[in-house]
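Here's run.pdb, which has PDB, C-alpha atoms:
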ATOM      1  CA  MET A   1     116.153  84.809  45.070  1.00  0.00           C
ATOM      2  CA  MET A   2     116.730  88.357  46.244  1.00  0.00           C
ATOM      3  CA  LEU A   3     114.641  87.790  49.360  1.00  0.00           C
ATOM      4  CA  LEU A   4     116.693  84.729  50.266  1.00  0.00           C
ATOM      5  CA  VAL A   5     119.924  86.735  50.018  1.00  0.00           C
ATOM      6  CA  VAL A   6     118.536  89.426  52.319  1.00  0.00           C
ATOM      7  CA  ILE A   7     117.414  86.863  54.871  1.00  0.00           C
ATOM      8  CA  THR A   8     120.744  85.054  54.716  1.00  0.00           C
ATOM      9  CA  SER A   9     122.717  88.264  55.135  1.00  0.00           C
ATOM     10  CA  ARG A  10     120.431  89.392  57.968  1.00  0.00           C
ATOM     11  CA  ALA A  11     120.848  86.036  59.734  1.00  0.00           C
ATOM     12  CA  SER A  12     124.632  86.192  59.371  1.00  0.00           C
ATOM     13  CA  TYR A  13     124.512  89.762  60.648  1.00  0.00           C
ATOM     14  CA  PHE A  14     122.678  88.670  63.802  1.00  0.00           C
ATOM     15  CA  LEU A  15     125.046  85.719  64.289  1.00  0.00           C
ATOM     16  CA  HIS A  16     127.992  88.063  63.907  1.00  0.00           C
ATOM     17  CA  MET A  17     126.505  90.558  66.371  1.00  0.00           C
ATOM     18  CA  ARG A  18     125.724  87.771  68.836  1.00  0.00           C
ATOM     19  CA  SER A  19     129.320  86.505  68.697  1.00  0.00           C
ATOM     20  CA  LEU A  20     130.589  90.058  69.211  1.00  0.00           C
ATOM     21  CA  LEU A  21     128.268  90.465  72.193  1.00  0.00           C
ATOM     22  CA  VAL A  22     129.524  87.210  73.729  1.00  0.00           C
ATOM     23  CA  LEU A  23     133.120  88.312  73.131  1.00  0.00           C
ATOM     24  CA  PHE A  24     132.589  91.704  74.783  1.00  0.00           C
ATOM     25  CA  ALA A  25     130.671  90.191  77.697  1.00  0.00           C
ATOM     26  CA  SER A  26     133.370  87.618  78.399  1.00  0.00           C
ATOM     27  CA  GLY A  27     136.049  90.297  78.139  1.00  0.00           C
ATOM     28  CA  PHE A  28     134.119  92.497  80.557  1.00  0.00           C
ATOM     29  CA  LEU A  29     133.670  89.660  83.049  1.00  0.00           C
ATOM     30  CA  LEU A  30     137.316  88.633  82.870  1.00  0.00           C
ATOM     31  CA  GLY A  31     138.395  92.254  83.189  1.00  0.00           C
ATOM     32  CA  GLY A  32     136.340  92.540  86.363  1.00  0.00           C
ATOM     33  CA  CYS A  33     138.278  89.673  87.942  1.00  0.00           C
ATOM     34  CA  ALA A  34     141.351  91.726  88.712  1.00  0.00           C
ATOM     35  CA  VAL A  35     144.436  90.147  90.187  1.00  0.00           C
ATOM     36  CA  THR A  36     144.929  90.997  93.826  1.00  0.00           C
ATOM     37  CA  PRO A  37     147.499  93.722  94.403  1.00  0.00           C
ATOM     38  CA  TYR A  38     149.074  91.568  97.135  1.00  0.00           C
ATOM     39  CA  GLN A  39     152.161  90.302  95.336  1.00  0.00           C
ATOM     40  CA  PRO A  40     155.944  90.659  95.453  1.00  0.00           C
ATOM     41  CA  TYR A  41     157.063  94.065  94.195  1.00  0.00           C
ATOM     42  CA  GLN A  42     156.748  94.093  90.434  1.00  0.00           C
ATOM     43  CA  GLY A  43     155.713  96.833  88.052  1.00  0.00           C
ATOM     44  CA  GLY A  44     155.375  99.462  90.762  1.00  0.00           C
ATOM     45  CA  VAL A  45     152.931  97.451  92.914  1.00  0.00           C
ATOM     46  CA  GLY A  46     153.570  94.958  95.700  1.00  0.00           C
ATOM     47  CA  PHE A  47     155.585  94.284  98.816  1.00  0.00           C
ATOM     48  CA  SER A  48     159.278  94.021  99.644  1.00  0.00           C
ATOM     49  CA  GLU A  49     161.156  93.534 102.894  1.00  0.00           C
ATOM     50  CA  VAL A  50     164.606  94.108 104.337  1.00  0.00           C
ATOM     51  CA  ASN A  51     166.100  92.437 107.409  1.00  0.00           C
ATOM     52  CA  THR A  52     167.537  95.454 109.276  1.00  0.00           C
ATOM     53  CA  ALA A  53     168.596  93.695 112.516  1.00  0.00           C
ATOM     54  CA  ARG A  54     168.146  90.418 114.349  1.00  0.00           C
ATOM     55  CA  ASN A  55     164.355  89.792 114.516  1.00  0.00           C
ATOM     56  CA  ARG A  56     163.627  93.199 112.933  1.00  0.00           C
ATOM     57  CA  TYR A  57     162.331  93.751 109.416  1.00  0.00           C
ATOM     58  CA  GLU A  58     161.236  96.750 107.415  1.00  0.00           C
ATOM     59  CA  VAL A  59     158.293  95.876 105.165  1.00  0.00           C
ATOM     60  CA  VAL A  60     157.407  98.224 102.310  1.00  0.00           C
ATOM     61  CA  TYR A  61     154.165  97.997 100.364  1.00  0.00           C
ATOM     62  CA  HIS A  62     153.562 100.005  97.166  1.00  0.00           C
ATOM     63  CA  GLY A  63     149.825 100.262  96.509  1.00  0.00           C
ATOM     64  CA  THR A  64     147.916 100.658  93.286  1.00  0.00           C
ATOM     65  CA  THR A  65     146.577 103.977  92.052  1.00  0.00           C
ATOM     66  CA  GLY A  66     143.454 104.893  93.976  1.00  0.00           C
ATOM     67  CA  MET A  67     144.027 102.422  96.815  1.00  0.00           C
ATOM     68  CA  ASN A  68     143.459 103.823 100.286  1.00  0.00           C
ATOM     69  CA  GLU A  69     146.257 103.866 102.843  1.00  0.00           C
ATOM     70  CA  ALA A  70     144.462 101.539 105.281  1.00  0.00           C
ATOM     71  CA  ASP A  71     144.374  98.706 102.718  1.00  0.00           C
ATOM     72  CA  ALA A  72     148.026  99.284 101.855  1.00  0.00           C
ATOM     73  CA  LYS A  73     148.960  99.132 105.551  1.00  0.00           C
ATOM     74  CA  ASN A  74     146.919  95.945 105.946  1.00  0.00           C
ATOM     75  CA  TYR A  75     148.866  94.315 103.093  1.00  0.00           C
ATOM     76  CA  ALA A  76     152.154  95.322 104.741  1.00  0.00           C
ATOM     77  CA  ILE A  77     150.982  93.781 108.041  1.00  0.00           C
ATOM     78  CA  ILE A  78     149.983  90.564 106.262  1.00  0.00           C
ATOM     79  CA  ARG A  79     153.446  90.380 104.720  1.00  0.00           C
ATOM     80  CA  ALA A  80     154.980  90.916 108.166  1.00  0.00           C
ATOM     81  CA  ALA A  81     152.900  87.977 109.458  1.00  0.00           C
ATOM     82  CA  GLU A  82     154.161  85.780 106.605  1.00  0.00           C
ATOM     83  CA  ILE A  83     157.763  86.664 107.474  1.00  0.00           C
ATOM     84  CA  GLY A  84     157.088  85.821 111.135  1.00  0.00           C
ATOM     85  CA  LYS A  85     155.699  82.419 110.191  1.00  0.00           C
ATOM     86  CA  ARG A  86     158.675  81.753 107.903  1.00  0.00           C
ATOM     87  CA  ASN A  87     161.090  82.619 110.763  1.00  0.00           C
ATOM     88  CA  GLY A  88     159.150  80.632 113.377  1.00  0.00           C
ATOM     89  CA  MET A  89     158.108  83.659 115.463  1.00  0.00           C
ATOM     90  CA  PRO A  90     154.540  83.584 116.838  1.00  0.00           C
ATOM     91  CA  HIS A  91     154.175  87.320 117.597  1.00  0.00           C
ATOM     92  CA  PHE A  92     155.266  90.654 116.160  1.00  0.00           C
ATOM     93  CA  ARG A  93     155.054  94.283 117.172  1.00  0.00           C
ATOM     94  CA  ILE A  94     154.902  97.274 114.822  1.00  0.00           C
ATOM     95  CA  VAL A  95     157.653  99.637 115.958  1.00  0.00           C
ATOM     96  CA  GLY A  96     157.270 102.366 113.345  1.00  0.00           C
ATOM     97  CA  THR A  97     155.033 103.319 110.445  1.00  0.00           C
ATOM     98  CA  ARG A  98     155.614 105.787 107.642  1.00  0.00           C
ATOM     99  CA  LEU A  99     153.057 106.654 104.973  1.00  0.00           C
ATOM    100  CA  ASP A 100     154.065 108.197 101.662  1.00  0.00           C
ATOM    101  CA  ALA A 101     152.344 108.561  98.325  1.00  0.00           C
ATOM    102  CA  ASP A 102     153.543 108.205  94.754  1.00  0.00           C
ATOM    103  CA  VAL A 103     151.793 111.107  93.016  1.00  0.00           C
ATOM    104  CA  THR A 104     151.680 111.516  89.248  1.00  0.00           C
ATOM    105  CA  ARG A 105     150.179 114.638  87.757  1.00  0.00           C
ATOM    106  CA  GLU A 106     149.090 115.075  84.167  1.00  0.00           C
ATOM    107  CA  ALA A 107     148.114 118.425  82.696  1.00  0.00           C
ATOM    108  CA  VAL A 108     145.760 118.399  79.723  1.00  0.00           C
ATOM    109  CA  ARG A 109     144.790 121.429  77.664  1.00  0.00           C
ATOM    110  CA  GLU A 110     141.349 121.297  76.126  1.00  0.00           C
ATOM    111  CA  PRO A 111     140.760 123.997  73.526  1.00  0.00           C
ATOM    112  CA  ASP A 112     137.425 125.723  73.239  1.00  0.00           C
ATOM    113  CA  LEU A 113     137.500 126.285  69.490  1.00  0.00           C
ATOM    114  CA  PHE A 114     133.803 126.402  68.779  1.00  0.00           C
ATOM    115  CA  PRO A 115     132.047 128.939  70.981  1.00  0.00           C
ATOM    116  CA  ARG A 116     128.364 128.421  71.536  1.00  0.00           C
ATOM    117  CA  HIS A 117     125.534 130.875  71.827  1.00  0.00           C
ATOM    118  CA  PRO A 118     125.094 131.696  75.541  1.00  0.00           C
ATOM    119  CA  TRP A 119     121.299 131.264  75.633  1.00  0.00           C
ATOM    120  CA  THR A 120     120.583 128.425  73.228  1.00  0.00           C
ATOM    121  CA  GLY A 121     123.837 126.482  73.351  1.00  0.00           C
ATOM    122  CA  GLU A 122     123.866 126.181  69.571  1.00  0.00           C
ATOM    123  CA  PRO A 123     127.089 126.732  67.647  1.00  0.00           C
ATOM    124  CA  ARG A 124     127.569 130.356  66.648  1.00  0.00           C
ATOM    125  CA  ARG A 125     127.808 131.252  63.002  1.00  0.00           C
ATOM    126  CA  MET A 126     130.999 133.209  62.415  1.00  0.00           C
ATOM    127  CA  THR A 127     132.318 135.253  59.554  1.00  0.00           C
ATOM    128  CA  GLU A 128     135.799 134.580  58.193  1.00  0.00           C
ATOM    129  CA  TRP A 129     137.228 137.441  60.229  1.00  0.00           C
ATOM    130  CA  GLU A 130     135.644 136.148  63.458  1.00  0.00           C
ATOM    131  CA  TRP A 131     136.895 132.652  62.719  1.00  0.00           C
ATOM    132  CA  ARG A 132     140.502 133.885  62.340  1.00  0.00           C
ATOM    133  CA  ARG A 133     140.226 135.852  65.579  1.00  0.00           C
ATOM    134  CA  GLU A 134     138.878 132.792  67.422  1.00  0.00           C
ATOM    135  CA  ARG A 135     141.820 130.709  66.227  1.00  0.00           C
ATOM    136  CA  GLU A 136     144.245 133.379  67.484  1.00  0.00           C
ATOM    137  CA  LEU A 137     142.544 133.418  70.887  1.00  0.00           C
ATOM    138  CA  GLU A 138     142.525 129.617  71.191  1.00  0.00           C
ATOM    139  CA  ALA A 139     145.460 129.499  73.597  1.00  0.00           C
ATOM    140  CA  SER A 140     143.911 132.015  75.975  1.00  0.00           C
ATOM    141  CA  ARG A 141     140.509 130.316  75.947  1.00  0.00           C
ATOM    142  CA  SER A 142     141.709 126.768  76.530  1.00  0.00           C
ATOM    143  CA  ARG A 143     141.010 125.029  79.811  1.00  0.00           C
ATOM    144  CA  LEU A 144     143.783 123.420  81.811  1.00  0.00           C
ATOM    145  CA  THR A 145     142.790 120.205  83.524  1.00  0.00           C
ATOM    146  CA  VAL A 146     145.175 118.586  85.995  1.00  0.00           C
ATOM    147  CA  ARG A 147     144.651 114.922  86.746  1.00  0.00           C
ATOM    148  CA  GLU A 148     146.310 113.558  89.864  1.00  0.00           C
ATOM    149  CA  ASN A 149     146.845 109.877  90.550  1.00  0.00           C
ATOM    150  CA  ARG A 150     147.903 108.815  94.050  1.00  0.00           C
ATOM    151  CA  ALA A 151     149.353 105.456  95.032  1.00  0.00           C
ATOM    152  CA  PRO A 152     150.142 104.870  98.720  1.00  0.00           C
ATOM    153  CA  ILE A 153     153.519 103.652  99.929  1.00  0.00           C
ATOM    154  CA  VAL A 154     153.549 102.166 103.431  1.00  0.00           C
ATOM    155  CA  ARG A 155     156.738 101.370 105.379  1.00  0.00           C
ATOM    156  CA  ILE A 156     156.424  99.497 108.646  1.00  0.00           C
ATOM    157  CA  THR A 157     159.226  98.406 110.953  1.00  0.00           C
ATOM    158  CA  VAL A 158     158.450  95.167 112.776  1.00  0.00           C
ATOM    159  CA  ASP A 159     160.059  93.423 115.760  1.00  0.00           C
ATOM    160  CA  TYR A 160     159.411  89.683 116.151  1.00  0.00           C
ATOM    161  CA  THR A 161     159.127  88.119 119.602  1.00  0.00           C
ATOM    162  CA  ALA A 162     158.570  84.662 120.992  1.00  0.00           C
ATOM    163  CA  GLU A 163     156.460  85.996 123.893  1.00  0.00           C
ATOM    164  CA  ASP A 164     153.131  87.782 123.671  1.00  0.00           C
ATOM    165  CA  CYS A 165     152.948  91.414 124.802  1.00  0.00           C
ATOM    166  CA  ALA A 166     150.253  94.087 125.057  1.00  0.00           C
ATOM    167  CA  ALA A 167     151.185  95.735 121.741  1.00  0.00           C
ATOM    168  CA  CYS A 168     151.949  92.476 119.914  1.00  0.00           C
ATOM    169  CA  LEU A 169     149.966  90.959 117.070  1.00  0.00           C
ATOM    170  CA  SER A 170     149.586  87.230 116.532  1.00  0.00           C
ATOM    171  CA  VAL A 171     151.110  85.860 113.336  1.00  0.00           C
ATOM    172  CA  GLU A 172     148.538  83.067 113.027  1.00  0.00           C
ATOM    173  CA  GLU A 173     145.613  85.416 113.686  1.00  0.00           C
ATOM    174  CA  LYS A 174     146.708  87.856 110.961  1.00  0.00           C
ATOM    175  CA  LEU A 175     147.235  85.025 108.468  1.00  0.00           C
ATOM    176  CA  ARG A 176     143.798  83.603 109.326  1.00  0.00           C
ATOM    177  CA  GLU A 177     142.209  87.026 108.740  1.00  0.00           C
ATOM    178  CA  ALA A 178     143.994  87.312 105.377  1.00  0.00           C
ATOM    179  CA  ARG A 179     142.728  83.883 104.312  1.00  0.00           C
ATOM    180  CA  ALA A 180     139.177  84.775 105.378  1.00  0.00           C
ATOM    181  CA  ALA A 181     139.360  87.998 103.349  1.00  0.00           C
ATOM    182  CA  GLY A 182     140.584  86.073 100.281  1.00  0.00           C
ATOM    183  CA  ILE A 183     143.970  87.817 100.178  1.00  0.00           C
ATOM    184  CA  LEU A 184     145.931  84.628 100.830  1.00  0.00           C
ATOM    185  CA  SER A 185     145.086  81.171  99.567  1.00  0.00           C
ATOM    186  CA  GLU A 186     145.074  78.118 101.828  1.00  0.00           C
TER     187      GLU A 186
END
Before anything else, please render the file you have as structure tokens.
Amino acid sequence: MMLLVVITSRASYFLHMRSLLVLFASGFLLGGCAVTPYQPYQGGVGFSEVNTARNRYEVVYHGTTGMNEADAKNYAIIRAAEIGKRNGMPHFRIVGTRLDADVTREAVREPDLFPRHPWTGEPRRMTEWEWRRERELEASRSRLTVRENRAPIVRITVDYTAEDCAACLSVEEKLREARAAGILSE
């Protein structure tokens, strides 16, 4: 009877562990399928536009943390192409570009409370007096780590034209490239 209980509990243990493994694996796979950062501005990420003059728009794209500026500029250009298609203009020209970055810094103090022996790396044995002195010196021995997160902000000013020019980009070509890259859906 005792052996049967052990086997039953071991089998339920393995079933439980298998279900946990499946749960973690599915969560990991779904977490890897991140939503594209190409979206209307929401939550600090995405694009927005302002009509500044007749056939002139300013498109602003706020990138995600760690995104490079070239990708952020590409998203702004794709948005400019969408605006051109919406307004019935086949070509556009980038008049001005400005790159900024949203930088957040976080300072973290990490105390070094437990000194180690310099040759062996083992924790040092301390007397009560040494322990009190180490606690007093904690502030001076702590390390300061600064973490910096950068998110690009790209502003482009775009003029739309009906005629092609040397510096002009094709609206349809840019939209086709975005569809091929999987940024836009059909």
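Each of A:Thr64, A:Glu82, A:Val95, A:Thr120 was checked against A:Cys168 using only C-alpha atoms; the smallest atom-to-atom distance is that of A:Val95.
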Tell me which protein, DNA and RNA residues are within 7 Å of A:Gly63, counting only C-alpha atoms, leaving out same-chain ones fewer than 3 positions away, and put them as a ChimeraX atom specification. /A:45-46,67,72,151-153
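The gap separating atom CA of A:Leu169 from atom CA of A:Arg98 is 18.5 Å, in Å to one decimal.
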Could you tell me which residues the PyMOL selection byres ((chain A and resi 150) around 7) grabs in this file, written as a ChimeraX atom specification? /A:65-66,101-104,148-149,151-152
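For the choices A:Leu184, A:Val50, A:Met126, A:Ala81, the atom-to-atom distance to A:Arg93 is smallest for A:Ala81 when using all atoms listed in the file.
Every residue that the PyMOL selection byres ((chain A and resi 53) around 12) selects in this file is listed here: Val50, Asn51, Thr52, Arg54, Asn55, Arg56, Tyr57, Glu58, Thr157, Val158, Asp159 and Tyr160 of chain A.
In this structure, atom CA of A:Arg179 sits 23.8 Å away from atom CA of A:Thr97.
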From the coordinates I just gave you, please extract stretch 59-87 of chain A so that only N, CA and C atoms remain, then output it as a compact mmCIF listing (two decimals), in the first residue's frame.
# COMPACT_ATOMS: atom_id res chain seq x y z
N VAL A 59 6.11 64.41 -39.23
CA VAL A 59 5.85 63.08 -38.68
C VAL A 59 6.85 62.85 -37.57
N VAL A 60 6.35 62.43 -36.41
CA VAL A 60 7.20 62.16 -35.25
C VAL A 60 7.03 60.69 -34.88
N TYR A 61 8.16 60.02 -34.70
CA TYR A 61 8.12 58.62 -34.26
C TYR A 61 8.92 58.48 -32.97
N HIS A 62 8.29 57.95 -31.93
CA HIS A 62 8.93 57.67 -30.64
C HIS A 62 9.24 56.18 -30.61
N GLY A 63 10.52 55.83 -30.59
CA GLY A 63 10.93 54.43 -30.60
C GLY A 63 10.92 53.79 -29.23
N THR A 64 11.12 52.48 -29.23
CA THR A 64 11.19 51.74 -27.98
C THR A 64 12.61 51.82 -27.42
N THR A 65 12.75 51.48 -26.17
CA THR A 65 14.07 51.48 -25.54
C THR A 65 14.97 50.47 -26.23
N GLY A 66 16.14 50.91 -26.61
CA GLY A 66 17.10 50.04 -27.27
C GLY A 66 16.99 50.00 -28.79
N MET A 67 15.98 50.63 -29.35
CA MET A 67 15.83 50.65 -30.81
C MET A 67 16.88 51.58 -31.41
N ASN A 68 17.41 51.22 -32.56
CA ASN A 68 18.37 52.12 -33.19
C ASN A 68 17.65 53.21 -33.98
N GLU A 69 18.37 54.29 -34.25
CA GLU A 69 17.75 55.46 -34.87
C GLU A 69 17.35 55.20 -36.32
N ALA A 70 18.07 54.32 -37.02
CA ALA A 70 17.73 54.01 -38.41
C ALA A 70 16.36 53.34 -38.51
N ASP A 71 16.06 52.42 -37.60
CA ASP A 71 14.73 51.78 -37.61
C ASP A 71 13.65 52.78 -37.29
N ALA A 72 13.91 53.66 -36.32
CA ALA A 72 12.92 54.68 -35.96
C ALA A 72 12.66 55.61 -37.15
N LYS A 73 13.72 55.99 -37.86
CA LYS A 73 13.53 56.85 -39.04
C LYS A 73 12.77 56.12 -40.13
N ASN A 74 13.03 54.84 -40.29
CA ASN A 74 12.30 54.04 -41.28
C ASN A 74 10.81 54.00 -40.97
N TYR A 75 10.46 53.85 -39.69
CA TYR A 75 9.04 53.86 -39.31
C TYR A 75 8.40 55.21 -39.59
N ALA A 76 9.13 56.29 -39.36
CA ALA A 76 8.60 57.63 -39.65
C ALA A 76 8.37 57.78 -41.16
N ILE A 77 9.28 57.27 -41.97
CA ILE A 77 9.14 57.35 -43.43
C ILE A 77 7.95 56.52 -43.90
N ILE A 78 7.75 55.36 -43.30
CA ILE A 78 6.59 54.52 -43.66
C ILE A 78 5.30 55.26 -43.33
N ARG A 79 5.27 55.93 -42.18
CA ARG A 79 4.07 56.69 -41.83
C ARG A 79 3.85 57.83 -42.83
N ALA A 80 4.92 58.47 -43.25
CA ALA A 80 4.81 59.54 -44.25
C ALA A 80 4.23 58.99 -45.55
N ALA A 81 4.63 57.78 -45.94
CA ALA A 81 4.09 57.15 -47.15
C ALA A 81 2.60 56.86 -46.99
N GLU A 82 2.18 56.42 -45.80
CA GLU A 82 0.76 56.17 -45.57
C GLU A 82 -0.06 57.46 -45.69
N ILE A 83 0.48 58.55 -45.16
CA ILE A 83 -0.21 59.84 -45.26
C ILE A 83 -0.32 60.27 -46.72
N GLY A 84 0.75 60.07 -47.50
CA GLY A 84 0.72 60.40 -48.91
C GLY A 84 -0.33 59.61 -49.66
N LYS A 85 -0.46 58.32 -49.35
CA LYS A 85 -1.48 57.51 -50.01
C LYS A 85 -2.88 57.98 -49.62
N ARG A 86 -3.06 58.30 -48.34
CA ARG A 86 -4.36 58.78 -47.87
C ARG A 86 -4.75 60.09 -48.56
N ASN A 87 -3.77 60.97 -48.84
CA ASN A 87 -4.04 62.26 -49.47
C ASN A 87 -3.98 62.20 -50.99
